[in-house]
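Asker: Provided below: upload.cif, containing mmCIF, N, CA and C atoms.
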```cif
data_entry
#
loop_
_atom_site.label_atom_id
_atom_site.label_comp_id
_atom_site.auth_asym_id
_atom_site.auth_seq_id
_atom_site.Cartn_x
_atom_site.Cartn_y
_atom_site.Cartn_z
N GLN C 25 -28.46 -35.39 37.90
CA GLN C 25 -27.30 -34.96 37.15
C GLN C 25 -26.21 -34.52 38.11
N VAL C 26 -24.99 -34.81 37.74
CA VAL C 26 -23.86 -34.42 38.57
C VAL C 26 -23.58 -32.93 38.37
N GLN C 27 -23.44 -32.22 39.45
CA GLN C 27 -23.10 -30.80 39.40
C GLN C 27 -21.62 -30.63 39.72
N LEU C 28 -20.93 -29.92 38.85
CA LEU C 28 -19.50 -29.64 39.04
C LEU C 28 -19.33 -28.14 39.22
N VAL C 29 -18.72 -27.76 40.33
CA VAL C 29 -18.54 -26.34 40.63
C VAL C 29 -17.06 -26.03 40.69
N GLU C 30 -16.64 -25.13 39.79
CA GLU C 30 -15.22 -24.77 39.68
C GLU C 30 -14.96 -23.46 40.41
N SER C 31 -13.71 -23.30 40.82
CA SER C 31 -13.28 -22.04 41.42
C SER C 31 -11.77 -21.91 41.22
N GLY C 32 -11.29 -20.67 41.37
CA GLY C 32 -9.86 -20.44 41.37
C GLY C 32 -9.29 -19.75 40.16
N GLY C 33 -10.11 -19.49 39.16
CA GLY C 33 -9.60 -18.79 37.99
C GLY C 33 -9.33 -17.33 38.27
N GLY C 34 -8.75 -16.65 37.29
CA GLY C 34 -8.49 -15.22 37.46
C GLY C 34 -7.39 -14.74 36.55
N LEU C 35 -6.88 -13.56 36.88
CA LEU C 35 -5.82 -12.91 36.11
C LEU C 35 -4.49 -13.08 36.85
N VAL C 36 -3.48 -13.50 36.11
CA VAL C 36 -2.17 -13.70 36.71
C VAL C 36 -1.10 -13.26 35.72
N GLN C 37 0.02 -12.81 36.21
CA GLN C 37 1.12 -12.39 35.35
C GLN C 37 1.90 -13.61 34.84
N PRO C 38 2.55 -13.45 33.70
CA PRO C 38 3.39 -14.55 33.20
C PRO C 38 4.40 -14.98 34.25
N GLY C 39 4.55 -16.31 34.37
CA GLY C 39 5.43 -16.86 35.38
C GLY C 39 4.75 -17.12 36.70
N GLY C 40 3.53 -16.67 36.84
CA GLY C 40 2.80 -16.83 38.09
C GLY C 40 2.12 -18.19 38.21
N SER C 41 1.37 -18.34 39.29
CA SER C 41 0.70 -19.61 39.58
C SER C 41 -0.76 -19.37 39.93
N LEU C 42 -1.55 -20.39 39.65
CA LEU C 42 -2.95 -20.42 40.05
C LEU C 42 -3.30 -21.85 40.43
N ARG C 43 -4.32 -21.98 41.28
CA ARG C 43 -4.82 -23.31 41.62
C ARG C 43 -6.32 -23.34 41.39
N LEU C 44 -6.74 -24.25 40.54
CA LEU C 44 -8.16 -24.44 40.26
C LEU C 44 -8.70 -25.59 41.10
N SER C 45 -9.95 -25.45 41.50
CA SER C 45 -10.63 -26.51 42.24
C SER C 45 -11.96 -26.81 41.57
N CYS C 46 -12.38 -28.05 41.67
CA CYS C 46 -13.67 -28.46 41.13
C CYS C 46 -14.26 -29.52 42.04
N ALA C 47 -15.44 -29.23 42.57
CA ALA C 47 -16.10 -30.17 43.47
C ALA C 47 -17.37 -30.70 42.82
N ALA C 48 -17.53 -32.00 42.89
CA ALA C 48 -18.74 -32.64 42.40
C ALA C 48 -19.72 -32.80 43.56
N SER C 49 -20.93 -32.33 43.34
CA SER C 49 -21.93 -32.40 44.41
C SER C 49 -22.93 -33.51 44.15
N GLY C 50 -23.60 -33.92 45.23
CA GLY C 50 -24.59 -34.97 45.11
C GLY C 50 -24.17 -36.21 45.87
N THR C 51 -25.01 -37.23 45.81
CA THR C 51 -24.70 -38.51 46.45
C THR C 51 -23.97 -39.36 45.42
N ILE C 52 -22.66 -39.28 45.45
CA ILE C 52 -21.82 -39.89 44.43
C ILE C 52 -21.20 -41.17 44.95
N PHE C 53 -21.31 -42.22 44.17
CA PHE C 53 -20.70 -43.49 44.56
C PHE C 53 -19.28 -43.61 44.01
N SER C 54 -19.08 -43.16 42.78
CA SER C 54 -17.75 -43.26 42.19
C SER C 54 -17.62 -42.31 41.01
N ILE C 55 -16.39 -41.86 40.81
CA ILE C 55 -16.03 -41.07 39.63
C ILE C 55 -14.79 -41.70 39.05
N ASN C 56 -14.88 -42.22 37.85
CA ASN C 56 -13.74 -42.93 37.27
C ASN C 56 -12.62 -41.97 36.90
N VAL C 57 -12.93 -40.98 36.10
CA VAL C 57 -11.91 -40.03 35.64
C VAL C 57 -12.41 -38.62 35.93
N MET C 58 -11.51 -37.81 36.45
CA MET C 58 -11.87 -36.42 36.76
C MET C 58 -10.69 -35.55 36.39
N GLY C 59 -10.98 -34.41 35.77
CA GLY C 59 -9.85 -33.58 35.38
C GLY C 59 -10.27 -32.31 34.70
N TRP C 60 -9.35 -31.79 33.88
CA TRP C 60 -9.51 -30.45 33.33
C TRP C 60 -9.26 -30.42 31.83
N TYR C 61 -10.08 -29.62 31.16
CA TYR C 61 -9.92 -29.29 29.76
C TYR C 61 -9.91 -27.77 29.66
N ARG C 62 -9.47 -27.27 28.51
CA ARG C 62 -9.50 -25.82 28.32
C ARG C 62 -9.83 -25.49 26.87
N GLN C 63 -10.36 -24.29 26.71
CA GLN C 63 -10.71 -23.80 25.37
C GLN C 63 -10.31 -22.35 25.25
N ALA C 64 -9.38 -22.10 24.35
CA ALA C 64 -8.94 -20.73 24.07
C ALA C 64 -9.80 -20.16 22.95
N PRO C 65 -9.88 -18.84 22.83
CA PRO C 65 -10.70 -18.23 21.77
C PRO C 65 -10.30 -18.73 20.39
N GLY C 66 -11.28 -19.17 19.62
CA GLY C 66 -11.02 -19.62 18.27
C GLY C 66 -10.43 -21.01 18.16
N LYS C 67 -10.29 -21.71 19.29
CA LYS C 67 -9.69 -23.04 19.27
C LYS C 67 -10.66 -24.07 19.83
N GLN C 68 -10.38 -25.34 19.56
CA GLN C 68 -11.18 -26.41 20.09
C GLN C 68 -10.82 -26.68 21.55
N ARG C 69 -11.78 -27.27 22.25
CA ARG C 69 -11.51 -27.66 23.63
C ARG C 69 -10.47 -28.79 23.61
N GLU C 70 -9.52 -28.68 24.54
CA GLU C 70 -8.45 -29.67 24.59
C GLU C 70 -8.22 -30.17 26.01
N LEU C 71 -7.71 -31.38 26.11
CA LEU C 71 -7.39 -31.95 27.40
C LEU C 71 -6.20 -31.22 28.00
N VAL C 72 -6.29 -30.94 29.30
CA VAL C 72 -5.16 -30.37 30.03
C VAL C 72 -4.54 -31.45 30.91
N ALA C 73 -5.34 -32.00 31.81
CA ALA C 73 -4.84 -33.03 32.72
C ALA C 73 -6.02 -33.75 33.34
N VAL C 74 -5.90 -35.06 33.48
CA VAL C 74 -6.94 -35.85 34.12
C VAL C 74 -6.30 -36.86 35.07
N ALA C 75 -7.10 -37.32 36.05
CA ALA C 75 -6.63 -38.31 37.01
C ALA C 75 -7.71 -39.38 37.16
N THR C 76 -7.29 -40.62 37.15
CA THR C 76 -8.25 -41.72 37.26
C THR C 76 -8.47 -42.08 38.73
N SER C 77 -9.47 -42.91 38.95
CA SER C 77 -9.75 -43.37 40.30
C SER C 77 -8.63 -44.26 40.82
N GLY C 78 -7.84 -44.80 39.91
CA GLY C 78 -6.71 -45.64 40.31
C GLY C 78 -5.43 -44.87 40.55
N GLY C 79 -5.50 -43.56 40.38
CA GLY C 79 -4.34 -42.73 40.67
C GLY C 79 -3.46 -42.40 39.47
N ARG C 80 -3.84 -42.88 38.29
CA ARG C 80 -3.05 -42.54 37.11
C ARG C 80 -3.41 -41.13 36.63
N THR C 81 -2.43 -40.47 36.05
CA THR C 81 -2.65 -39.13 35.52
C THR C 81 -2.21 -39.08 34.05
N ASN C 82 -2.80 -38.12 33.35
CA ASN C 82 -2.45 -37.90 31.95
C ASN C 82 -2.43 -36.40 31.71
N TYR C 83 -1.36 -35.94 31.07
CA TYR C 83 -1.19 -34.50 30.85
C TYR C 83 -1.00 -34.20 29.37
N ALA C 84 -1.47 -33.03 28.97
CA ALA C 84 -1.11 -32.52 27.65
C ALA C 84 0.39 -32.21 27.65
N ASP C 85 1.03 -32.43 26.52
CA ASP C 85 2.48 -32.17 26.44
C ASP C 85 2.81 -30.73 26.81
N SER C 86 1.94 -29.82 26.47
CA SER C 86 2.21 -28.40 26.68
C SER C 86 2.24 -27.99 28.14
N VAL C 87 1.71 -28.83 29.02
CA VAL C 87 1.66 -28.46 30.44
C VAL C 87 2.50 -29.37 31.32
N LYS C 88 3.09 -30.41 30.75
CA LYS C 88 3.90 -31.33 31.55
C LYS C 88 5.05 -30.58 32.22
N GLY C 89 5.22 -30.87 33.50
CA GLY C 89 6.28 -30.24 34.27
C GLY C 89 5.88 -28.91 34.88
N ARG C 90 4.73 -28.38 34.45
CA ARG C 90 4.27 -27.09 34.98
C ARG C 90 2.96 -27.23 35.77
N PHE C 91 2.09 -28.11 35.31
CA PHE C 91 0.78 -28.30 35.94
C PHE C 91 0.76 -29.64 36.67
N THR C 92 0.00 -29.67 37.77
CA THR C 92 -0.19 -30.91 38.51
C THR C 92 -1.68 -31.09 38.82
N VAL C 93 -2.21 -32.24 38.44
CA VAL C 93 -3.60 -32.57 38.74
C VAL C 93 -3.61 -33.52 39.94
N SER C 94 -4.57 -33.30 40.82
CA SER C 94 -4.70 -34.17 41.99
C SER C 94 -6.17 -34.28 42.37
N ARG C 95 -6.48 -35.33 43.10
CA ARG C 95 -7.86 -35.55 43.52
C ARG C 95 -7.93 -35.81 45.01
N ASP C 96 -9.01 -35.30 45.59
CA ASP C 96 -9.39 -35.67 46.95
C ASP C 96 -10.61 -36.57 46.78
N TYR C 97 -10.39 -37.88 46.90
CA TYR C 97 -11.46 -38.83 46.59
C TYR C 97 -12.59 -38.75 47.61
N ALA C 98 -12.27 -38.45 48.83
CA ALA C 98 -13.30 -38.37 49.86
C ALA C 98 -14.23 -37.18 49.63
N LYS C 99 -13.68 -36.12 49.02
CA LYS C 99 -14.47 -34.90 48.79
C LYS C 99 -14.96 -34.80 47.35
N ASN C 100 -14.67 -35.81 46.53
CA ASN C 100 -15.07 -35.76 45.10
C ASN C 100 -14.61 -34.46 44.46
N THR C 101 -13.39 -34.12 44.71
CA THR C 101 -12.83 -32.86 44.25
C THR C 101 -11.56 -33.11 43.45
N VAL C 102 -11.37 -32.31 42.41
CA VAL C 102 -10.14 -32.36 41.63
C VAL C 102 -9.51 -30.98 41.63
N TYR C 103 -8.20 -30.95 41.66
CA TYR C 103 -7.45 -29.70 41.68
C TYR C 103 -6.50 -29.65 40.48
N LEU C 104 -6.17 -28.42 40.10
CA LEU C 104 -5.16 -28.23 39.08
C LEU C 104 -4.23 -27.13 39.55
N GLN C 105 -3.04 -27.51 39.93
CA GLN C 105 -2.01 -26.54 40.31
C GLN C 105 -1.25 -26.14 39.05
N MET C 106 -1.29 -24.87 38.73
CA MET C 106 -0.68 -24.37 37.51
C MET C 106 0.46 -23.43 37.87
N ASN C 107 1.66 -23.78 37.48
CA ASN C 107 2.86 -22.98 37.74
C ASN C 107 3.47 -22.53 36.41
N SER C 108 4.33 -21.55 36.51
CA SER C 108 5.04 -21.02 35.33
C SER C 108 4.07 -20.74 34.19
N LEU C 109 3.01 -20.04 34.51
CA LEU C 109 1.98 -19.76 33.51
C LEU C 109 2.49 -18.82 32.44
N SER C 110 2.02 -19.04 31.23
CA SER C 110 2.38 -18.18 30.09
C SER C 110 1.10 -17.70 29.41
N PRO C 111 1.18 -16.68 28.59
CA PRO C 111 -0.03 -16.19 27.90
C PRO C 111 -0.72 -17.28 27.08
N GLU C 112 0.04 -18.26 26.64
CA GLU C 112 -0.55 -19.36 25.86
C GLU C 112 -1.48 -20.23 26.70
N ASP C 113 -1.44 -20.09 28.00
CA ASP C 113 -2.33 -20.85 28.89
C ASP C 113 -3.67 -20.15 29.09
N THR C 114 -3.81 -18.96 28.54
CA THR C 114 -5.06 -18.22 28.67
C THR C 114 -6.19 -18.98 27.98
N ALA C 115 -7.25 -19.24 28.72
CA ALA C 115 -8.37 -20.02 28.20
C ALA C 115 -9.45 -20.11 29.27
N VAL C 116 -10.60 -20.62 28.86
CA VAL C 116 -11.61 -21.04 29.83
C VAL C 116 -11.31 -22.49 30.19
N TYR C 117 -11.18 -22.75 31.46
CA TYR C 117 -10.86 -24.09 31.94
C TYR C 117 -12.14 -24.76 32.43
N TYR C 118 -12.37 -25.97 31.94
CA TYR C 118 -13.57 -26.72 32.26
C TYR C 118 -13.22 -27.97 33.05
N CYS C 119 -13.96 -28.18 34.11
CA CYS C 119 -13.84 -29.41 34.88
C CYS C 119 -14.68 -30.49 34.19
N ASN C 120 -14.16 -31.70 34.21
CA ASN C 120 -14.86 -32.83 33.60
C ASN C 120 -14.84 -34.02 34.55
N ALA C 121 -15.98 -34.67 34.65
CA ALA C 121 -16.09 -35.91 35.42
C ALA C 121 -16.69 -36.97 34.50
N ASP C 122 -15.96 -38.03 34.30
CA ASP C 122 -16.39 -39.06 33.35
C ASP C 122 -16.66 -40.38 34.07
N ARG C 123 -17.70 -41.05 33.62
CA ARG C 123 -18.10 -42.35 34.18
C ARG C 123 -18.38 -42.22 35.67
N VAL C 124 -19.44 -41.51 35.96
CA VAL C 124 -19.85 -41.22 37.33
C VAL C 124 -21.08 -42.05 37.69
N THR C 125 -21.06 -42.64 38.85
CA THR C 125 -22.22 -43.34 39.38
C THR C 125 -22.70 -42.57 40.60
N TYR C 126 -23.98 -42.21 40.59
CA TYR C 126 -24.51 -41.42 41.69
C TYR C 126 -25.96 -41.81 41.96
N TYR C 127 -26.49 -41.33 43.07
CA TYR C 127 -27.87 -41.62 43.44
C TYR C 127 -28.74 -40.42 43.10
N ASP C 128 -29.74 -40.64 42.28
CA ASP C 128 -30.67 -39.58 41.90
C ASP C 128 -31.85 -39.59 42.88
N HIS C 129 -31.92 -38.57 43.72
CA HIS C 129 -32.96 -38.53 44.74
C HIS C 129 -34.33 -38.22 44.16
N THR C 130 -34.36 -37.70 42.95
CA THR C 130 -35.65 -37.40 42.31
C THR C 130 -36.35 -38.68 41.87
N THR C 131 -35.57 -39.59 41.31
CA THR C 131 -36.13 -40.84 40.81
C THR C 131 -35.85 -42.02 41.73
N ASN C 132 -35.04 -41.77 42.78
CA ASN C 132 -34.64 -42.84 43.72
C ASN C 132 -34.01 -44.01 43.00
N THR C 133 -33.10 -43.66 42.08
CA THR C 133 -32.40 -44.69 41.34
C THR C 133 -30.91 -44.42 41.31
N ARG C 134 -30.16 -45.45 41.07
CA ARG C 134 -28.72 -45.35 40.89
C ARG C 134 -28.48 -45.06 39.41
N VAL C 135 -27.70 -44.02 39.14
CA VAL C 135 -27.53 -43.54 37.77
C VAL C 135 -26.06 -43.57 37.38
N TYR C 136 -25.83 -43.95 36.14
CA TYR C 136 -24.47 -43.90 35.58
C TYR C 136 -24.48 -42.87 34.47
N THR C 137 -23.52 -41.97 34.48
CA THR C 137 -23.47 -40.95 33.45
C THR C 137 -22.03 -40.74 32.99
N GLU C 138 -21.90 -40.28 31.79
CA GLU C 138 -20.58 -40.02 31.23
C GLU C 138 -20.45 -38.54 30.91
N ASN C 139 -19.21 -38.04 31.00
CA ASN C 139 -18.89 -36.69 30.53
C ASN C 139 -19.79 -35.59 31.08
N SER C 140 -19.66 -35.34 32.36
CA SER C 140 -20.30 -34.18 32.97
C SER C 140 -19.30 -33.02 32.96
N TRP C 141 -19.83 -31.81 32.73
CA TRP C 141 -18.96 -30.64 32.61
C TRP C 141 -19.34 -29.56 33.61
N GLY C 142 -18.34 -28.84 34.06
CA GLY C 142 -18.58 -27.65 34.85
C GLY C 142 -18.88 -26.47 33.94
N GLN C 143 -19.15 -25.33 34.55
CA GLN C 143 -19.54 -24.16 33.78
C GLN C 143 -18.34 -23.42 33.18
N GLY C 144 -17.16 -23.74 33.66
CA GLY C 144 -15.95 -23.12 33.14
C GLY C 144 -15.48 -21.96 34.01
N THR C 145 -14.18 -21.80 34.09
CA THR C 145 -13.60 -20.67 34.82
C THR C 145 -12.49 -20.06 33.96
N GLN C 146 -12.50 -18.74 33.88
CA GLN C 146 -11.55 -18.05 33.01
C GLN C 146 -10.18 -17.93 33.68
N VAL C 147 -9.16 -18.28 32.94
CA VAL C 147 -7.77 -18.05 33.36
C VAL C 147 -7.13 -17.15 32.32
N THR C 148 -6.64 -16.00 32.76
CA THR C 148 -5.99 -15.05 31.87
C THR C 148 -4.59 -14.79 32.37
N VAL C 149 -3.62 -15.01 31.49
CA VAL C 149 -2.22 -14.78 31.83
C VAL C 149 -1.74 -13.59 31.01
N SER C 150 -1.48 -12.50 31.70
CA SER C 150 -1.13 -11.27 31.00
C SER C 150 -0.39 -10.33 31.94
N SER C 151 0.51 -9.55 31.36
CA SER C 151 1.22 -8.56 32.16
C SER C 151 0.49 -7.21 32.07
#
```
Go ahead and express the file in the form of structure tokens.
Answerer:
Amino acid sequence: QVQLVESGGGLVQPGGSLRLSCAASGTIFSINVMGWYRQAPGKQRELVAVATSGGRTNYADSVKGRFTVSRDYAKNTVYLQMNSLSPEDTAVYYCNADRVTYYDHTTNTRVYTENSWGQGTQVTVSS
């Protein structure tokens, strides 16, 4: 199974910035899409921003112009630079890796998996 480890969440004042990181561990051959979702209290999980292996990006309308998603393909890592944060951005942010091919050392097989999730990192925007 692909392990996704997130970091960078925390408490920030309105108008501030945060940078989230998510690294996929293991012997990974490819990750098609990697990015971020978030879930606020009482709401459904929603897409924030994702980046494909071909370099295309997709953003939620609510974060366009404020957030930037980027990938380090050599490190199997995705970042989310969040600027001009507002209280409405408060949520648990989840890293997602979709359509991943990796080597499972337990079974010595090449494995394809969809929709792997990180454990989530809390982002709180408050004065």
Asker: Which residues, written as a PyMOL selection string, have at least one atom at most 8 Å from Ser108 of chain C, with only N, CA and C atoms counted and residues fewer than 6 positions away on the same chain left out?
Answerer: chain C and resi 37-42+89-91
Asker: Keeping only N, CA and C atoms, write the selected residues to a file as an mmCIF file, keeping the file's coordinate frame.
Answerer:
```cif
data_model
loop_
_atom_site.group_PDB
_atom_site.id
_atom_site.type_symbol
_atom_site.label_atom_id
_atom_site.label_comp_id
_atom_site.auth_asym_id
_atom_site.auth_seq_id
_atom_site.Cartn_x
_atom_site.Cartn_y
_atom_site.Cartn_z
ATOM 1 N N GLN C 37 0.020 -12.810 36.210
ATOM 2 C CA GLN C 37 1.120 -12.390 35.350
ATOM 3 C C GLN C 37 1.900 -13.610 34.840
ATOM 4 N N PRO C 38 2.550 -13.450 33.700
ATOM 5 C CA PRO C 38 3.390 -14.550 33.200
ATOM 6 C C PRO C 38 4.400 -14.980 34.250
ATOM 7 N N GLY C 39 4.550 -16.310 34.370
ATOM 8 C CA GLY C 39 5.430 -16.860 35.380
ATOM 9 C C GLY C 39 4.750 -17.120 36.700
ATOM 10 N N GLY C 40 3.530 -16.670 36.840
ATOM 11 C CA GLY C 40 2.800 -16.830 38.090
ATOM 12 C C GLY C 40 2.120 -18.190 38.210
ATOM 13 N N SER C 41 1.370 -18.340 39.290
ATOM 14 C CA SER C 41 0.700 -19.610 39.580
ATOM 15 C C SER C 41 -0.760 -19.370 39.930
ATOM 16 N N LEU C 42 -1.550 -20.390 39.650
ATOM 17 C CA LEU C 42 -2.950 -20.420 40.050
ATOM 18 C C LEU C 42 -3.300 -21.850 40.430
ATOM 19 N N GLY C 89 5.220 -30.870 33.500
ATOM 20 C CA GLY C 89 6.280 -30.240 34.270
ATOM 21 C C GLY C 89 5.880 -28.910 34.880
ATOM 22 N N ARG C 90 4.730 -28.380 34.450
ATOM 23 C CA ARG C 90 4.270 -27.090 34.980
ATOM 24 C C ARG C 90 2.960 -27.230 35.770
ATOM 25 N N PHE C 91 2.090 -28.110 35.310
ATOM 26 C CA PHE C 91 0.780 -28.300 35.940
ATOM 27 C C PHE C 91 0.760 -29.640 36.670
#
```
Asker: Of the residues C:Ile52, C:Met106, C:Val87, C:Cys46, which is the one nearest to Thr137 of chain C, using only C-alpha atoms?
Answerer: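 Smallest separation from Thr137 of chain C among the options: C:Ile52.
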Asker: On this file, the PyMOL selection byres (((chain C and resi 59 and name CA) around 7) and name CA) gives some set of residues; write that set as a VMD selection string.
Answerer: chain C and resid 57 to 58 60 73 to 75 102 119 to 121
Asker: Which residues come within 6 Å of Val149 of chain C, counting only N, CA and C atoms, excluding same-chain residues fewer than 5 positions away, as a ChimeraX atom specification?
Answerer: /C:35-38,110-111,113-114
Asker: Calculate, to one decimal in Å, the centre and edge lengths of the box along x, y and z of the file that holds all listed atoms of segment 58-65 of chain C with 6 Å of margin on each side, and present them as JSON.
Answerer:
```
{"center_x": -10.4, "center_y": -28.0, "center_z": 28.6, "size_x": 14.9, "size_y": 31.6, "size_z": 28.4}
```
Asker: Between C:Ala64, C:Ile55, C:Ala84, C:Ala47, which is the closest to Val124 of chain C once you count only C-alpha atoms?
Answerer: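 Looking only at the distances to Val124 of chain C, the closest residue turns out to be C:Ile55.
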Asker: Within 6 Å of Tyr103 of chain C, counting only N, CA and C atoms, which residues show up once you throw out same-chain ones fewer than 4 positions away? Write them as a VMD selection string, please.
Answerer: chain C and resid 44 to 46 92 to 96
Asker: Please return, as number ranges by chain, all polymer residues that have at least one atom within 10 Å of the point (-23.1, -40.0, 35.7); use only C-alpha atoms and the file's own coordinate frame.
Answerer: C: 25-27, 52-56, 121-128, 134-140
Asker: Residues as selected, N, CA and C atoms, written as a PDB file, in the frame of the given file, can you do that?
Answerer:
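File selection.pdb, as written:
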```
ATOM      1  N   GLN C  25     -28.460 -35.390  37.900  1.00  0.00           N
ATOM      2  CA  GLN C  25     -27.300 -34.960  37.150  1.00  0.00           C
ATOM      3  C   GLN C  25     -26.210 -34.520  38.110  1.00  0.00           C
ATOM      4  N   VAL C  26     -24.990 -34.810  37.740  1.00  0.00           N
ATOM      5  CA  VAL C  26     -23.860 -34.420  38.570  1.00  0.00           C
ATOM      6  C   VAL C  26     -23.580 -32.930  38.370  1.00  0.00           C
ATOM      7  N   GLN C  27     -23.440 -32.220  39.450  1.00  0.00           N
ATOM      8  CA  GLN C  27     -23.100 -30.800  39.400  1.00  0.00           C
ATOM      9  C   GLN C  27     -21.620 -30.630  39.720  1.00  0.00           C
ATOM     10  N   ILE C  52     -22.660 -39.280  45.450  1.00  0.00           N
ATOM     11  CA  ILE C  52     -21.820 -39.890  44.430  1.00  0.00           C
ATOM     12  C   ILE C  52     -21.200 -41.170  44.950  1.00  0.00           C
ATOM     13  N   PHE C  53     -21.310 -42.220  44.170  1.00  0.00           N
ATOM     14  CA  PHE C  53     -20.700 -43.490  44.560  1.00  0.00           C
ATOM     15  C   PHE C  53     -19.280 -43.610  44.010  1.00  0.00           C
ATOM     16  N   SER C  54     -19.080 -43.160  42.780  1.00  0.00           N
ATOM     17  CA  SER C  54     -17.750 -43.260  42.190  1.00  0.00           C
ATOM     18  C   SER C  54     -17.620 -42.310  41.010  1.00  0.00           C
ATOM     19  N   ILE C  55     -16.390 -41.860  40.810  1.00  0.00           N
ATOM     20  CA  ILE C  55     -16.030 -41.070  39.630  1.00  0.00           C
ATOM     21  C   ILE C  55     -14.790 -41.700  39.050  1.00  0.00           C
ATOM     22  N   ASN C  56     -14.880 -42.220  37.850  1.00  0.00           N
ATOM     23  CA  ASN C  56     -13.740 -42.930  37.270  1.00  0.00           C
ATOM     24  C   ASN C  56     -12.620 -41.970  36.900  1.00  0.00           C
ATOM     25  N   ALA C 121     -15.980 -34.670  34.650  1.00  0.00           N
ATOM     26  CA  ALA C 121     -16.090 -35.910  35.420  1.00  0.00           C
ATOM     27  C   ALA C 121     -16.690 -36.970  34.500  1.00  0.00           C
ATOM     28  N   ASP C 122     -15.960 -38.030  34.300  1.00  0.00           N
ATOM     29  CA  ASP C 122     -16.390 -39.060  33.350  1.00  0.00           C
ATOM     30  C   ASP C 122     -16.660 -40.380  34.070  1.00  0.00           C
ATOM     31  N   ARG C 123     -17.700 -41.050  33.620  1.00  0.00           N
ATOM     32  CA  ARG C 123     -18.100 -42.350  34.180  1.00  0.00           C
ATOM     33  C   ARG C 123     -18.380 -42.220  35.670  1.00  0.00           C
ATOM     34  N   VAL C 124     -19.440 -41.510  35.960  1.00  0.00           N
ATOM     35  CA  VAL C 124     -19.850 -41.220  37.330  1.00  0.00           C
ATOM     36  C   VAL C 124     -21.080 -42.050  37.690  1.00  0.00           C
ATOM     37  N   THR C 125     -21.060 -42.640  38.850  1.00  0.00           N
ATOM     38  CA  THR C 125     -22.220 -43.340  39.380  1.00  0.00           C
ATOM     39  C   THR C 125     -22.700 -42.570  40.600  1.00  0.00           C
ATOM     40  N   TYR C 126     -23.980 -42.210  40.590  1.00  0.00           N
ATOM     41  CA  TYR C 126     -24.510 -41.420  41.690  1.00  0.00           C
ATOM     42  C   TYR C 126     -25.960 -41.810  41.960  1.00  0.00           C
ATOM     43  N   TYR C 127     -26.490 -41.330  43.070  1.00  0.00           N
ATOM     44  CA  TYR C 127     -27.870 -41.620  43.440  1.00  0.00           C
ATOM     45  C   TYR C 127     -28.740 -40.420  43.100  1.00  0.00           C
ATOM     46  N   ASP C 128     -29.740 -40.640  42.280  1.00  0.00           N
ATOM     47  CA  ASP C 128     -30.670 -39.580  41.900  1.00  0.00           C
ATOM     48  C   ASP C 128     -31.850 -39.590  42.880  1.00  0.00           C
ATOM     49  N   ARG C 134     -30.160 -45.450  41.070  1.00  0.00           N
ATOM     50  CA  ARG C 134     -28.720 -45.350  40.890  1.00  0.00           C
ATOM     51  C   ARG C 134     -28.480 -45.060  39.410  1.00  0.00           C
ATOM     52  N   VAL C 135     -27.700 -44.020  39.140  1.00  0.00           N
ATOM     53  CA  VAL C 135     -27.530 -43.540  37.770  1.00  0.00           C
ATOM     54  C   VAL C 135     -26.060 -43.570  37.380  1.00  0.00           C
ATOM     55  N   TYR C 136     -25.830 -43.950  36.140  1.00  0.00           N
ATOM     56  CA  TYR C 136     -24.470 -43.900  35.580  1.00  0.00           C
ATOM     57  C   TYR C 136     -24.480 -42.870  34.470  1.00  0.00           C
ATOM     58  N   THR C 137     -23.520 -41.970  34.480  1.00  0.00           N
ATOM     59  CA  THR C 137     -23.470 -40.950  33.450  1.00  0.00           C
ATOM     60  C   THR C 137     -22.030 -40.740  32.990  1.00  0.00           C
ATOM     61  N   GLU C 138     -21.900 -40.280  31.790  1.00  0.00           N
ATOM     62  CA  GLU C 138     -20.580 -40.020  31.230  1.00  0.00           C
ATOM     63  C   GLU C 138     -20.450 -38.540  30.910  1.00  0.00           C
ATOM     64  N   ASN C 139     -19.210 -38.040  31.000  1.00  0.00           N
ATOM     65  CA  ASN C 139     -18.890 -36.690  30.530  1.00  0.00           C
ATOM     66  C   ASN C 139     -19.790 -35.590  31.080  1.00  0.00           C
ATOM     67  N   SER C 140     -19.660 -35.340  32.360  1.00  0.00           N
ATOM     68  CA  SER C 140     -20.300 -34.180  32.970  1.00  0.00           C
ATOM     69  C   SER C 140     -19.300 -33.020  32.960  1.00  0.00           C
TER      70      SER C 140
END
```
Asker: In Å to one decimal, how far is atom CA of Val116 of chain C from atom N of Thr76 of chain C?
Answerer: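 Atom CA of Val116 of chain C lies 21.3 Å from atom N of Thr76 of chain C.
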Asker: According to DSSP computed on the backbone, where in chain C is there helix (DSSP H, G or I)? Give the residues as a list in words.
Answerer: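 DSSP-assigned helix (DSSP H, G or I) residues in chain C: Asp85, Ser86, Val87, Tyr97, Ala98, Lys99, Pro111, Glu112 and Asp113 of chain C.
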Asker: Could you list the residues chosen by the PyMOL selection byres ((chain C and resi 145) around 6.5) in this structure as a ChimeraX atom specification?
Answerer: /C:30,33-34,115-119,143-144,146-147
